[in-house]
>>> print(open('start.cif').read())   # mmCIF, C-alpha atoms
data_model
loop_
_atom_site.group_PDB
_atom_site.id
_atom_site.type_symbol
_atom_site.label_atom_id
_atom_site.label_comp_id
_atom_site.auth_asym_id
_atom_site.auth_seq_id
_atom_site.Cartn_x
_atom_site.Cartn_y
_atom_site.Cartn_z
ATOM 1 C CA MET A 1 -7.275 1.279 19.438
ATOM 2 C CA THR A 2 -9.688 4.145 19.048
ATOM 3 C CA VAL A 3 -9.814 6.365 15.983
ATOM 4 C CA THR A 4 -11.545 9.744 16.047
ATOM 5 C CA GLY A 5 -11.955 12.292 13.332
ATOM 6 C CA GLU A 6 -13.600 15.595 12.653
ATOM 7 C CA LEU A 7 -14.348 17.711 9.635
ATOM 8 C CA VAL A 8 -12.321 20.926 9.853
ATOM 9 C CA ALA A 9 -13.439 22.625 6.629
ATOM 10 C CA ARG A 10 -15.405 21.851 3.491
ATOM 11 C CA ASP A 11 -16.045 23.581 0.184
ATOM 12 C CA ASP A 12 -17.442 22.577 -3.236
ATOM 13 C CA ARG A 13 -14.195 20.810 -4.196
ATOM 14 C CA GLY A 14 -13.395 18.833 -1.034
ATOM 15 C CA GLY A 15 -12.691 18.999 2.645
ATOM 16 C CA THR A 16 -10.069 18.797 5.365
ATOM 17 C CA THR A 17 -10.302 16.443 8.320
ATOM 18 C CA ARG A 18 -8.117 15.793 11.330
ATOM 19 C CA GLY A 19 -8.089 13.007 13.836
ATOM 20 C CA THR A 20 -6.221 10.871 16.320
ATOM 21 C CA VAL A 21 -5.482 7.219 16.926
ATOM 22 C CA THR A 22 -5.152 6.255 20.594
ATOM 23 C CA ASP A 23 -4.349 3.017 22.384
ATOM 24 C CA ASP A 24 -6.454 1.374 25.091
ATOM 25 C CA ARG A 25 -4.776 3.593 27.716
ATOM 26 C CA GLY A 26 -5.633 6.798 25.869
ATOM 27 C CA ARG A 27 -2.070 7.443 24.641
ATOM 28 C CA VAL A 28 -1.922 9.125 21.238
ATOM 29 C CA LEU A 29 -0.346 6.845 18.631
ATOM 30 C CA ALA A 30 -0.961 8.983 15.544
ATOM 31 C CA LEU A 31 -2.205 12.400 14.510
ATOM 32 C CA VAL A 32 -3.815 12.648 11.083
ATOM 33 C CA VAL A 33 -4.621 15.597 8.808
ATOM 34 C CA GLN A 34 -6.157 14.808 5.444
ATOM 35 C CA ARG A 35 -7.283 16.883 2.478
ATOM 36 C CA SER A 36 -9.866 15.095 0.327
ATOM 37 C CA HIS A 37 -11.279 15.925 -3.088
ATOM 38 C CA LEU A 38 -14.938 15.296 -3.812
ATOM 39 C CA VAL A 39 -15.638 13.260 -6.939
ATOM 40 C CA PRO A 40 -19.163 13.234 -8.377
ATOM 41 C CA VAL A 41 -20.713 9.783 -8.909
ATOM 42 C CA ASP A 42 -23.995 8.722 -10.498
ATOM 43 C CA SER A 43 -24.616 5.922 -8.021
ATOM 44 C CA PRO A 44 -22.924 4.408 -4.962
ATOM 45 C CA PRO A 45 -19.785 2.447 -5.866
ATOM 46 C CA ALA A 46 -20.069 -1.333 -5.948
ATOM 47 C CA GLY A 47 -16.640 -2.848 -5.466
ATOM 48 C CA ALA A 48 -14.999 -5.925 -4.097
ATOM 49 C CA GLY A 49 -15.807 -5.864 -0.399
ATOM 50 C CA ALA A 50 -13.962 -7.872 2.218
ATOM 51 C CA PRO A 51 -15.134 -11.451 2.720
ATOM 52 C CA ALA A 52 -17.803 -11.987 5.386
ATOM 53 C CA ALA A 53 -15.471 -14.143 7.502
ATOM 54 C CA GLY A 54 -12.591 -12.043 8.744
ATOM 55 C CA PRO A 55 -9.135 -13.143 9.857
ATOM 56 C CA PRO A 56 -8.364 -14.166 13.465
ATOM 57 C CA ALA A 57 -8.295 -11.171 15.806
ATOM 58 C CA ASP A 58 -4.697 -11.809 16.864
ATOM 59 C CA MET A 59 -3.286 -12.052 13.314
ATOM 60 C CA PRO A 60 -0.924 -9.147 12.435
ATOM 61 C CA LEU A 61 -2.101 -6.863 9.621
ATOM 62 C CA ARG A 62 0.985 -7.671 7.559
ATOM 63 C CA GLU A 63 -0.061 -11.359 7.542
ATOM 64 C CA VAL A 64 -3.766 -10.675 7.004
ATOM 65 C CA LEU A 65 -2.992 -8.738 3.846
ATOM 66 C CA GLY A 66 -0.283 -11.140 2.649
ATOM 67 C CA PHE A 67 2.584 -8.649 2.297
ATOM 68 C CA ARG A 68 5.766 -10.404 1.162
ATOM 69 C CA ALA A 69 9.356 -9.250 0.729
ATOM 70 C CA VAL A 70 10.651 -9.991 -2.767
ATOM 71 C CA ALA A 71 13.968 -8.162 -2.283
ATOM 72 C CA PRO A 72 15.568 -6.194 0.579
ATOM 73 C CA ASP A 73 14.113 -2.967 -0.838
ATOM 74 C CA VAL A 74 10.869 -4.281 -2.405
ATOM 75 C CA LEU A 75 7.638 -5.431 -0.774
ATOM 76 C CA GLU A 76 4.575 -6.788 -2.578
ATOM 77 C CA LEU A 77 0.887 -6.730 -1.692
ATOM 78 C CA PRO A 78 -0.929 -9.449 -3.645
ATOM 79 C CA SER A 79 -4.544 -9.114 -4.712
ATOM 80 C CA THR A 80 -6.790 -9.337 -1.650
ATOM 81 C CA ALA A 81 -10.342 -8.265 -0.884
ATOM 82 C CA PHE A 82 -9.199 -7.205 2.614
ATOM 83 C CA ALA A 83 -7.271 -4.281 1.046
ATOM 84 C CA ALA A 84 -10.125 -3.076 -1.176
ATOM 85 C CA ASN A 85 -12.270 -0.027 -0.616
ATOM 86 C CA GLY A 86 -15.823 0.247 -1.975
ATOM 87 C CA MET A 87 -14.542 1.139 -5.442
ATOM 88 C CA GLY A 88 -12.290 -1.917 -5.732
ATOM 89 C CA ASN A 89 -9.072 0.044 -5.196
ATOM 90 C CA VAL A 90 -6.483 -0.496 -2.478
ATOM 91 C CA HIS A 91 -7.599 1.627 0.480
ATOM 92 C CA GLY A 92 -5.355 4.637 1.165
ATOM 93 C CA GLY A 93 -4.747 3.455 4.723
ATOM 94 C CA ILE A 94 -3.460 0.131 3.392
ATOM 95 C CA LEU A 95 -1.086 1.993 1.042
ATOM 96 C CA CYS A 96 0.124 4.007 4.041
ATOM 97 C CA ALA A 97 0.636 0.845 6.128
ATOM 98 C CA GLY A 98 2.419 -0.803 3.180
ATOM 99 C CA ALA A 99 4.766 2.178 2.917
ATOM 100 C CA GLU A 100 5.643 1.783 6.590
ATOM 101 C CA PHE A 101 6.160 -1.981 6.274
ATOM 102 C CA ALA A 102 8.393 -1.447 3.217
ATOM 103 C CA ALA A 103 10.463 1.256 4.936
ATOM 104 C CA MET A 104 11.031 -0.932 7.982
ATOM 105 C CA SER A 105 11.997 -3.868 5.747
ATOM 106 C CA ALA A 106 14.444 -1.728 3.760
ATOM 107 C CA LEU A 107 16.100 -0.648 7.002
ATOM 108 C CA GLY A 108 16.122 -4.138 8.476
ATOM 109 C CA ALA A 109 14.494 -2.387 11.440
ATOM 110 C CA ALA A 110 13.526 -4.323 14.502
ATOM 111 C CA GLY A 111 13.284 -3.802 18.222
ATOM 112 C CA ARG A 112 13.246 -0.166 19.204
ATOM 113 C CA ALA A 113 12.745 1.421 15.773
ATOM 114 C CA ARG A 114 9.488 3.390 15.558
ATOM 115 C CA THR A 115 7.856 5.262 12.737
ATOM 116 C CA THR A 116 7.445 8.884 13.791
ATOM 117 C CA SER A 117 6.130 10.405 10.574
ATOM 118 C CA ILE A 118 4.625 9.364 7.259
ATOM 119 C CA ASP A 119 3.862 11.906 4.547
ATOM 120 C CA ILE A 120 2.042 10.267 1.631
ATOM 121 C CA VAL A 121 0.747 11.563 -1.695
ATOM 122 C CA TYR A 122 -1.835 9.486 -3.567
ATOM 123 C CA VAL A 123 -1.090 9.770 -7.277
ATOM 124 C CA ARG A 124 -3.646 7.366 -8.780
ATOM 125 C CA PRO A 125 -5.742 4.396 -7.643
ATOM 126 C CA ALA A 126 -4.121 1.014 -7.062
ATOM 127 C CA ASP A 127 -6.396 -1.794 -8.259
ATOM 128 C CA ALA A 128 -7.028 -4.214 -5.373
ATOM 129 C CA GLY A 129 -7.435 -6.965 -7.994
ATOM 130 C CA GLY A 130 -3.754 -6.711 -8.952
ATOM 131 C CA THR A 131 -0.398 -6.758 -7.200
ATOM 132 C CA THR A 132 0.838 -3.513 -5.651
ATOM 133 C CA THR A 133 4.622 -3.230 -5.297
ATOM 134 C CA PHE A 134 6.343 -0.984 -2.745
ATOM 135 C CA GLN A 135 9.809 0.151 -3.870
ATOM 136 C CA THR A 136 12.087 1.855 -1.356
ATOM 137 C CA ARG A 137 14.999 4.256 -1.409
ATOM 138 C CA VAL A 138 16.810 5.092 1.823
ATOM 139 C CA LEU A 139 17.420 8.854 1.764
ATOM 140 C CA HIS A 140 19.178 9.065 5.142
ATOM 141 C CA ARG A 141 20.371 6.511 7.678
ATOM 142 C CA GLY A 142 21.956 7.792 10.846
ATOM 143 C CA ARG A 143 22.525 6.289 14.284
ATOM 144 C CA THR A 144 19.004 6.994 15.522
ATOM 145 C CA LEU A 145 17.098 8.440 12.553
ATOM 146 C CA ALA A 146 16.328 7.189 9.067
ATOM 147 C CA VAL A 147 14.302 8.643 6.200
ATOM 148 C CA VAL A 148 12.954 6.337 3.500
ATOM 149 C CA GLN A 149 11.089 7.197 0.313
ATOM 150 C CA VAL A 150 8.571 4.532 -0.694
ATOM 151 C CA THR A 151 6.811 4.410 -4.067
ATOM 152 C CA ALA A 152 3.798 2.125 -4.437
ATOM 153 C CA VAL A 153 3.277 1.033 -8.047
ATOM 154 C CA ASN A 154 0.320 -0.801 -9.552
ATOM 155 C CA SER A 155 0.373 -3.906 -11.756
ATOM 156 C CA SER A 156 0.934 -1.618 -14.792
ATOM 157 C CA ASN A 157 4.106 -0.316 -13.058
ATOM 158 C CA LYS A 158 2.615 3.163 -12.655
ATOM 159 C CA PRO A 159 3.089 5.035 -9.349
ATOM 160 C CA CYS A 160 0.009 5.029 -7.106
ATOM 161 C CA ALA A 161 1.440 6.651 -3.998
ATOM 162 C CA VAL A 162 4.726 8.204 -2.896
ATOM 163 C CA ALA A 163 5.533 8.307 0.818
ATOM 164 C CA THR A 164 8.313 9.685 2.969
ATOM 165 C CA VAL A 165 8.710 7.586 6.125
ATOM 166 C CA VAL A 166 10.743 8.800 9.118
ATOM 167 C CA VAL A 167 11.958 6.128 11.554
ATOM 168 C CA GLN A 168 13.556 6.904 14.915
ATOM 169 C CA GLY A 169 15.154 4.714 17.515
ATOM 170 C CA GLU A 170 17.585 2.117 16.266
ATOM 171 C CA PRO A 171 16.880 1.811 12.526
ATOM 172 C CA ARG A 172 19.901 -0.451 11.931
#
>>> encode(input="start.cif", output="C-alpha cells")
Amino acid sequence: MTVTGELVARDDRGGTTRGTVTDDRGRVLALVVQRSHLVPVDSPPAGAGAPAAGPPADMPLREVLGFRAVAPDVLELPSTAFAANGMGNVHGGILCAGAEFAAMSALGAAGRARTTSIDIVYVRPADAGGTTTFQTRVLHRGRTLAVVQVTAVNSSNKPCAVATVVVQGEPR
C-alpha cells in the first residue's frame, strides 16, 4: 500500500490535510480528510515506542495488535506498544481500525462485506498502557448495507472515540 497526504490549510489553531491510500496496482482504497488541532509542548514527547523487533510481515494487523472479541458486540485491544503513538496514547489510526474490526464483528460480516465509510470523532486520548474496549450498536442492517456506531472507551470507561461505520456488500 502507498499512503500520500498533503496539507490543505493551516492557521494558528491547527490544519486540514487530505490524502489517499492506494494498493500496489494504484487503485484507491481510502480517501482521508483530517482536521487537526495544534497543541503547544515544551519538549518533544517521549512515549512508549514500538519494540525494535516488529511482527512478521504476513501477520494480519488484528493479530499483531491482539484484538479479541469478548462478546458479539464488544472487542478489546489490550495494552501493546505497537498501538502507541509518541505520547503513549493509542494512535488515532489504530482506534479507526479497531472501530472497523468491531463493526465487522458485530455484524458477523465475512466474505463480500466491505467498509465503505468511517466517520470518527476523537473525544479524549486512550492510554496505550491500558485496555481499550470497542462497544458497538447496529443502527441499520439491510440486505446489502449496514451502519454501526462504535464507541471506544478507555480503562476508566470513558469514551475516547465515537465512530460511524458503513458496511456494504453482504453484511449478514
>>> atom_distance(input="start.cif", atom1="atom CA of A:Thr131", atom2="atom CA of A:Thr164")
21.2 Å
>>> closest_residue(input="start.cif", among="A:Val21, A:Leu107, A:Met87, A:Ala126", to="A:Pro159", atoms="all atoms listed in the file")
A:Ala126
>>> resolve_selection(input="start.cif", expression="the PyMOL selection byres ((chain A and resi 118) around 8)", output="JSON, numbers by chain")
{"A": [96, 100, 115, 116, 117, 119, 120, 163, 164, 165, 166]}
>>> write_last_selection(input="start.cif", atoms="C-alpha atoms", output="compact mmCIF listing (two decimals), keeping the file's coordinate frame")
# COMPACT_ATOMS: atom_id res chain seq x y z
CA CYS A 96 0.12 4.01 4.04
CA GLU A 100 5.64 1.78 6.59
CA THR A 115 7.86 5.26 12.74
CA THR A 116 7.44 8.88 13.79
CA SER A 117 6.13 10.40 10.57
CA ASP A 119 3.86 11.91 4.55
CA ILE A 120 2.04 10.27 1.63
CA ALA A 163 5.53 8.31 0.82
CA THR A 164 8.31 9.68 2.97
CA VAL A 165 8.71 7.59 6.12
CA VAL A 166 10.74 8.80 9.12
>>> resolve_selection(input="start.cif", expression="the PyMOL selection byres ((chain A and resi 32) around 7)", output="list in words")
Arg18, Gly19, Thr20, Ala30, Leu31, Val33 and Gln34 of chain A
>>> atom_distance(input="start.cif", atom1="atom CA of A:Ala99", atom2="atom CA of A:Glu63")
15.1 Å
>>> axis_aligned_box(input="start.cif", around="stretch 141-149 of chain A", padding_each_side="8 Å", output="JSON")
{"center_x": 16.8, "center_y": 7.5, "center_z": 7.9, "size_x": 27.4, "size_y": 18.4, "size_z": 31.2}
>>> closest_residue(input="start.cif", among="A:Ala109, A:Leu61, A:Ala128, A:Ala161", to="A:Thr144", atoms="all atoms listed in the file")
A:Ala109
>>> resolve_selection(input="start.cif", expression="the PyMOL selection byres ((chain A and resi 145-147) around 7)", output="mmCIF file with C-alpha atoms, in the frame of the given file")
data_model
loop_
_atom_site.group_PDB
_atom_site.id
_atom_site.type_symbol
_atom_site.label_atom_id
_atom_site.label_comp_id
_atom_site.auth_asym_id
_atom_site.auth_seq_id
_atom_site.Cartn_x
_atom_site.Cartn_y
_atom_site.Cartn_z
ATOM 1 C CA VAL A 138 16.810 5.092 1.823
ATOM 2 C CA LEU A 139 17.420 8.854 1.764
ATOM 3 C CA HIS A 140 19.178 9.065 5.142
ATOM 4 C CA ARG A 141 20.371 6.511 7.678
ATOM 5 C CA GLY A 142 21.956 7.792 10.846
ATOM 6 C CA ARG A 143 22.525 6.289 14.284
ATOM 7 C CA THR A 144 19.004 6.994 15.522
ATOM 8 C CA VAL A 148 12.954 6.337 3.500
ATOM 9 C CA GLN A 149 11.089 7.197 0.313
ATOM 10 C CA THR A 164 8.313 9.685 2.969
ATOM 11 C CA VAL A 165 8.710 7.586 6.125
ATOM 12 C CA VAL A 166 10.743 8.800 9.118
ATOM 13 C CA VAL A 167 11.958 6.128 11.554
ATOM 14 C CA GLN A 168 13.556 6.904 14.915
ATOM 15 C CA GLY A 169 15.154 4.714 17.515
ATOM 16 C CA PRO A 171 16.880 1.811 12.526
#
>>> closest_residue(input="start.cif", among="A:Val28, A:Ala106, A:Met59, A:Cys160", to="A:Gly92", atoms="only C-alpha atoms")
A:Cys160
>>> residues_near_point(input="start.cif", point="(-8.0, 7.1, 21.3)", cutoff="7 Å", atoms="only C-alpha atoms", output="ChimeraX atom specification")
/A:1-4,20-23,26-28
>>> write_last_selection(input="start.cif", atoms="C-alpha atoms", output="PDB file, in the coordinates of the input")
ATOM      1  CA  MET A   1      -7.275   1.279  19.438  1.00  0.00           C
ATOM      2  CA  THR A   2      -9.688   4.145  19.048  1.00  0.00           C
ATOM      3  CA  VAL A   3      -9.814   6.365  15.983  1.00  0.00           C
ATOM      4  CA  THR A   4     -11.545   9.744  16.047  1.00  0.00           C
ATOM      5  CA  THR A  20      -6.221  10.871  16.320  1.00  0.00           C
ATOM      6  CA  VAL A  21      -5.482   7.219  16.926  1.00  0.00           C
ATOM      7  CA  THR A  22      -5.152   6.255  20.594  1.00  0.00           C
ATOM      8  CA  ASP A  23      -4.349   3.017  22.384  1.00  0.00           C
ATOM      9  CA  GLY A  26      -5.633   6.798  25.869  1.00  0.00           C
ATOM     10  CA  ARG A  27      -2.070   7.443  24.641  1.00  0.00           C
ATOM     11  CA  VAL A  28      -1.922   9.125  21.238  1.00  0.00           C
TER      12      VAL A  28
END
>>> atom_distance(input="start.cif", atom1="atom CA of A:Arg124", atom2="atom CA of A:Ala9")
23.8 Å
>>> closest_residue(input="start.cif", among="A:Arg62, A:Arg112, A:Arg35, A:Arg25", to="A:Arg13", atoms="all atoms listed in the file")
A:Arg35
>>> closest_residue(input="start.cif", among="A:Pro60, A:Ser156, A:Gly111, A:Thr132", to="A:Glu76", atoms="all atoms listed in the file")
A:Thr132
>>> residues_around(input="start.cif", residues="A:Ser79", least_positions_apart="6", cutoff="12 Å", atoms="only C-alpha atoms", output="count of residues only")
20
>>> closest_residue(input="start.cif", among="A:Asn157, A:Glu170, A:Asp73, A:Ser105", to="A:Thr136", atoms="only C-alpha atoms")
A:Asp73
